[in-house]
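Here's the structure, in structure tokens; my notes come after.
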Amino acid sequence: IVALAGDAPPELILSDDAHDFEVVNIGESADWAFTVTNDGEHDLVVSNMESTVDYFTVDFEEETTFEPGSSAEYTVTFAPNAEGDLLGALRIFSNDPNDEIISISLIGAGYRVIPPTIVLSIEGMEYGNVPVGDERSQSMTISNEGDEPLIIPAIVIDNEGFSSDLEGEIEILSGESMEITFTFHPQESSDLAIEAIIQSNDPENPEVGFSLVGNGFVAGEDHHFEFVTTDNSMSVVVNEALLDGEPLAINDEVGVFTPGGLCAGSGFVTDRGL
């Protein structure tokens, strides 16, 4: 193109010369549009547009001619393939005599989304001695340390002596937690130690085991201390008994031992004492 005196040559004008895509999750993408305008008095020919890196792309398909005053919009897509700040540039080739190659600076940050991650506040529960027909409850917390919602569809407990208050599927959002209560209600006199299974959509831990331990007994009948009844019966008066500094509870069992470690007998705490 030969510009005559007083004629302005083709001039490529961009709507922006830089763009920050900010944070985009890896596996997702973000778009940004910019405009090319011919501000000269002769045809502007844009022969090519190319990105300096593969995580920035542009929808330029073929050589395009812009008449004076005309413009067109193009879209740059950012699809991060790594974590952290990612830099690049879009280079535009044209017949603008003053800027045959013009660049747009591009920046963005890739973020790797953490899938739902289940975390339990404790690994299990011990209920101690619970009379048949009675019950004892304890609570624990399930937290989600991932970015995506944690779904708990069910807690599988393969024993009628234990139950949880989970009545249906629950959703725990990122950074949040939920309290779950487990109850031990023994159906018979027996020692129970089972593993409840907490199901979730955590891809690393779809099933998490949670131990439940308890002893069911018939109050006043089942003795846990082994002793032999003889004809030499004696009585022991217990004025006070503490366990870890706390008073005993009804149905707790107290054993009496000789200096040699022989169990001489046992008794249960009732509402009238031991």
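Letters for chains follow the order of the structure tokens (A, B, ...), residue numbers begin at 1 for each chain, and ligand numbers begin at 1 in the order shown.
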
When you look at Phe217 (chain A) with a cut-off of 8 Å (counting only C-alpha atoms), what residues show up, excluding the ones that are within fewer than 6 positions of it in the same chain? I need them as a ChimeraX atom specification.
/A:129-132,186,188-190

Write out as an MDAnalysis selection string all residues of region 97-126 of chain A that backbone DSSP assigns to strand (DSSP E).
chainID A and resid 101:111 118:120 124:126

Show which residues sit within 10 Å of region 113-115 of chain A, as a ChimeraX atom specification. Count only C-alpha atoms, and ignore same-chain residues fewer than 6 positions away.
/A:24-27,83,144-150,174,201-204

Generate a file of the selected residues that holds N, CA and C atoms, formatted as a short mmCIF file (atom, residue, chain, number, x, y, z; two decimals), in the first residue's frame.
data_model
loop_
_atom_site.label_atom_id
_atom_site.label_comp_id
_atom_site.auth_asym_id
_atom_site.auth_seq_id
_atom_site.Cartn_x
_atom_site.Cartn_y
_atom_site.Cartn_z
N VAL A 24 -8.48 -18.83 38.07
CA VAL A 24 -9.37 -19.74 37.35
C VAL A 24 -8.99 -21.16 37.77
N ASN A 25 -9.99 -21.97 38.07
CA ASN A 25 -9.74 -23.35 38.48
C ASN A 25 -9.16 -24.17 37.34
N ILE A 26 -8.19 -25.02 37.68
CA ILE A 26 -7.65 -25.95 36.70
C ILE A 26 -8.76 -26.89 36.25
N GLY A 27 -8.89 -27.07 34.94
CA GLY A 27 -9.99 -27.86 34.39
C GLY A 27 -11.15 -27.00 33.93
N GLU A 83 -0.76 -24.72 38.67
CA GLU A 83 -1.09 -23.80 39.75
C GLU A 83 -0.18 -22.58 39.73
N ASN A 144 -15.55 -30.84 56.51
CA ASN A 144 -15.15 -30.89 55.10
C ASN A 144 -14.00 -29.92 54.88
N GLU A 145 -12.81 -30.45 54.63
CA GLU A 145 -11.64 -29.62 54.39
C GLU A 145 -11.34 -29.46 52.90
N GLY A 146 -12.27 -29.86 52.04
CA GLY A 146 -12.11 -29.67 50.61
C GLY A 146 -12.82 -28.41 50.14
N ASP A 147 -12.73 -28.15 48.83
CA ASP A 147 -13.39 -26.98 48.24
C ASP A 147 -14.81 -27.30 47.78
N GLU A 148 -15.06 -28.53 47.42
CA GLU A 148 -16.36 -28.92 46.91
C GLU A 148 -17.21 -29.51 48.02
N PRO A 149 -18.54 -29.47 47.89
CA PRO A 149 -19.42 -29.98 48.94
C PRO A 149 -19.17 -31.46 49.24
N LEU A 150 -19.20 -31.80 50.53
CA LEU A 150 -19.06 -33.18 50.98
C LEU A 150 -20.46 -33.76 51.19
N SER A 174 -17.81 -26.47 51.97
CA SER A 174 -16.38 -26.28 52.23
C SER A 174 -16.14 -25.50 53.51
N ASN A 201 -18.68 -38.80 49.40
CA ASN A 201 -18.16 -38.63 48.05
C ASN A 201 -16.71 -38.16 48.05
N ASP A 202 -16.01 -38.32 49.17
CA ASP A 202 -14.57 -38.06 49.22
C ASP A 202 -13.89 -39.10 48.32
N PRO A 203 -13.26 -38.68 47.23
CA PRO A 203 -12.68 -39.66 46.29
C PRO A 203 -11.55 -40.48 46.90
N GLU A 204 -10.87 -39.94 47.91
CA GLU A 204 -9.77 -40.67 48.55
C GLU A 204 -10.27 -41.58 49.66
#

Measuring atom to atom with only C-alpha atoms, identify which of A:Ala79, A:Ala241, A:Leu12, A:Val119 is nearest to Glu67 (chain A).
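Between A:Ala79, A:Ala241, A:Leu12, A:Val119, the residue approaching Glu67 (chain A) most closely is A:Leu12.
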
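For the residues A:Thr75, A:Glu50, A:Ala8, A:Ser70, ranking by smallest atom-to-atom distance to Ala33 (chain A) using only C-alpha atoms places A:Thr75 first.
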
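Residue nearest Ile107 (chain A), chosen from A:Asp54, A:Glu179, A:Asp20, A:Gly133 and counting only C-alpha atoms: A:Asp20.
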
With distances taken over only C-alpha atoms, which of A:Asn239, A:Thr52, A:Ser121, A:Ser71 is nearest to Phe210 (chain A)?
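Looking at the shortest contact to Phe210 (chain A), the residue is A:Ser121.
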
Near Gly110 (chain A), counting only C-alpha atoms, which residues have an atom at most 12 Å away, once you skip same-chain residues fewer than 4 positions from it, shown as a PDB file with C-alpha atoms, in the first residue's frame?
ATOM      1  CA  PHE A  21      -7.918 -13.176  34.202  1.00  0.00           C
ATOM      2  CA  GLU A  22      -7.336 -13.467  37.961  1.00  0.00           C
ATOM      3  CA  VAL A  23      -7.917 -16.936  39.471  1.00  0.00           C
ATOM      4  CA  VAL A  24      -9.368 -19.745  37.354  1.00  0.00           C
ATOM      5  CA  ASN A  25      -9.742 -23.352  38.485  1.00  0.00           C
ATOM      6  CA  ILE A  26      -7.650 -25.946  36.700  1.00  0.00           C
ATOM      7  CA  GLY A  27      -9.986 -27.855  34.393  1.00  0.00           C
ATOM      8  CA  GLU A  28     -12.128 -24.776  33.797  1.00  0.00           C
ATOM      9  CA  SER A  29     -11.653 -21.704  31.568  1.00  0.00           C
ATOM     10  CA  ALA A  30     -12.411 -17.988  31.380  1.00  0.00           C
ATOM     11  CA  TYR A  55      -2.922 -21.892  28.093  1.00  0.00           C
ATOM     12  CA  PHE A  78      -7.526 -18.791  29.575  1.00  0.00           C
ATOM     13  CA  ALA A  79      -7.437 -22.508  30.479  1.00  0.00           C
ATOM     14  CA  PRO A  80      -4.789 -22.958  33.206  1.00  0.00           C
ATOM     15  CA  ASN A  81      -2.819 -26.183  33.250  1.00  0.00           C
ATOM     16  CA  ALA A  82      -0.786 -25.508  36.392  1.00  0.00           C
ATOM     17  CA  GLU A  83      -1.093 -23.796  39.749  1.00  0.00           C
ATOM     18  CA  GLY A  84       0.153 -20.292  40.454  1.00  0.00           C
ATOM     19  CA  ASP A  85       0.642 -17.191  38.304  1.00  0.00           C
ATOM     20  CA  LEU A  86       0.738 -17.829  34.552  1.00  0.00           C
ATOM     21  CA  LEU A  87       2.026 -15.211  32.131  1.00  0.00           C
TER      22      LEU A  87
END

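Compared by their closest atoms to Asn95 (chain A), and using only C-alpha atoms, the residues A:Asn48, A:Ser164, A:Gln199, A:Ser177 rank with A:Asn48 nearest.
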
Using CA of Val218 (chain A) and CA of Gln138 (chain A) as the two end points, give the distance in Å to one decimal.
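Distance reported for this atom pair: 21.3 Å.
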
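The residue set within 8 Å of Arg136 (chain A), counting only C-alpha atoms and dropping same-chain residues fewer than 4 places from it, reads A:Tyr127, A:Val130, A:Thr183, A:Phe184, A:His185.
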
Could the residues in this selection be written to a file with all heavy atoms, as a PDB file, in the first residue's frame?
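The result, written out as selection_20.pdb:
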ATOM      1  N   TYR A 127     -18.400 -46.574  75.187  1.00  0.00           N
ATOM      2  CA  TYR A 127     -19.556 -46.236  76.027  1.00  0.00           C
ATOM      3  C   TYR A 127     -19.483 -46.849  77.422  1.00  0.00           C
ATOM      4  O   TYR A 127     -20.291 -46.498  78.292  1.00  0.00           O
ATOM      5  CB  TYR A 127     -20.838 -46.714  75.344  1.00  0.00           C
ATOM      6  CG  TYR A 127     -21.153 -45.963  74.081  1.00  0.00           C
ATOM      7  CD1 TYR A 127     -20.620 -46.369  72.859  1.00  0.00           C
ATOM      8  CD2 TYR A 127     -21.982 -44.852  74.086  1.00  0.00           C
ATOM      9  CE1 TYR A 127     -20.908 -45.681  71.682  1.00  0.00           C
ATOM     10  CE2 TYR A 127     -22.279 -44.156  72.931  1.00  0.00           C
ATOM     11  CZ  TYR A 127     -21.730 -44.589  71.728  1.00  0.00           C
ATOM     12  OH  TYR A 127     -22.008 -43.902  70.570  1.00  0.00           O
ATOM     13  N   VAL A 130     -23.381 -50.232  79.975  1.00  0.00           N
ATOM     14  CA  VAL A 130     -24.729 -49.671  79.851  1.00  0.00           C
ATOM     15  C   VAL A 130     -25.735 -50.790  80.086  1.00  0.00           C
ATOM     16  O   VAL A 130     -25.661 -51.840  79.429  1.00  0.00           O
ATOM     17  CB  VAL A 130     -24.950 -49.039  78.461  1.00  0.00           C
ATOM     18  CG1 VAL A 130     -26.372 -48.497  78.339  1.00  0.00           C
ATOM     19  CG2 VAL A 130     -23.940 -47.917  78.214  1.00  0.00           C
ATOM     20  N   THR A 183     -25.689 -43.511  69.448  1.00  0.00           N
ATOM     21  CA  THR A 183     -26.300 -43.989  70.691  1.00  0.00           C
ATOM     22  C   THR A 183     -26.078 -45.489  70.836  1.00  0.00           C
ATOM     23  O   THR A 183     -26.249 -46.256  69.879  1.00  0.00           O
ATOM     24  CB  THR A 183     -27.806 -43.682  70.705  1.00  0.00           C
ATOM     25  OG1 THR A 183     -27.991 -42.259  70.602  1.00  0.00           O
ATOM     26  CG2 THR A 183     -28.451 -44.165  71.989  1.00  0.00           C
ATOM     27  N   PHE A 184     -25.705 -45.876  72.061  1.00  0.00           N
ATOM     28  CA  PHE A 184     -25.562 -47.297  72.401  1.00  0.00           C
ATOM     29  C   PHE A 184     -26.757 -47.685  73.255  1.00  0.00           C
ATOM     30  O   PHE A 184     -26.985 -47.128  74.331  1.00  0.00           O
ATOM     31  CB  PHE A 184     -24.249 -47.522  73.157  1.00  0.00           C
ATOM     32  CG  PHE A 184     -24.035 -48.940  73.627  1.00  0.00           C
ATOM     33  CD1 PHE A 184     -24.341 -50.028  72.816  1.00  0.00           C
ATOM     34  CD2 PHE A 184     -23.500 -49.184  74.883  1.00  0.00           C
ATOM     35  CE1 PHE A 184     -24.127 -51.335  73.242  1.00  0.00           C
ATOM     36  CE2 PHE A 184     -23.277 -50.494  75.322  1.00  0.00           C
ATOM     37  CZ  PHE A 184     -23.602 -51.564  74.499  1.00  0.00           C
ATOM     38  N   HIS A 185     -27.567 -48.636  72.774  1.00  0.00           N
ATOM     39  CA  HIS A 185     -28.742 -49.121  73.509  1.00  0.00           C
ATOM     40  C   HIS A 185     -28.732 -50.648  73.429  1.00  0.00           C
ATOM     41  O   HIS A 185     -29.398 -51.246  72.566  1.00  0.00           O
ATOM     42  CB  HIS A 185     -30.037 -48.543  72.932  1.00  0.00           C
ATOM     43  CG  HIS A 185     -30.022 -48.373  71.445  1.00  0.00           C
ATOM     44  ND1 HIS A 185     -30.225 -49.416  70.571  1.00  0.00           N
ATOM     45  CD2 HIS A 185     -29.795 -47.271  70.675  1.00  0.00           C
ATOM     46  CE1 HIS A 185     -30.145 -48.980  69.331  1.00  0.00           C
ATOM     47  NE2 HIS A 185     -29.879 -47.676  69.361  1.00  0.00           N
TER      48      HIS A 185
END

Quick one: residues within 7 Å of Val76 (chain A), only C-alpha atoms counted, chain neighbours fewer than 6 positions away excluded, as a VMD selection string?
chain A and resid 31 to 33 56 to 59

Could you take the residues named above and write them with C-alpha atoms, as a PDB file, in the first residue's frame?
ATOM      1  CA  ASP A  31     -12.986 -15.753  28.344  1.00  0.00           C
ATOM      2  CA  TRP A  32     -12.124 -12.131  27.657  1.00  0.00           C
ATOM      3  CA  ALA A  33     -13.048 -10.107  24.574  1.00  0.00           C
ATOM      4  CA  PHE A  56      -3.985 -18.667  26.324  1.00  0.00           C
ATOM      5  CA  THR A  57      -5.775 -19.084  22.996  1.00  0.00           C
ATOM      6  CA  VAL A  58      -7.613 -16.732  20.620  1.00  0.00           C
ATOM      7  CA  ASP A  59     -10.466 -17.348  18.176  1.00  0.00           C
TER       8      ASP A  59
END

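Going from CA of His42 (chain A) over to CA of Glu61 (chain A), you cover 22.4 Å.
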
Non-local contacts of Glu63 (chain A) (9 Å; only C-alpha atoms; under 4 positions in same chain excluded) as a list in words
Val45, Val46, Ser47 and Asn48 of chain A

Tell me which of A:Leu44, A:Ile13, A:Ala193, A:Val269 sits closest to Gly128 (chain A), counting only C-alpha atoms.
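Answer, going by the shortest atom-to-atom distance: A:Ala193.
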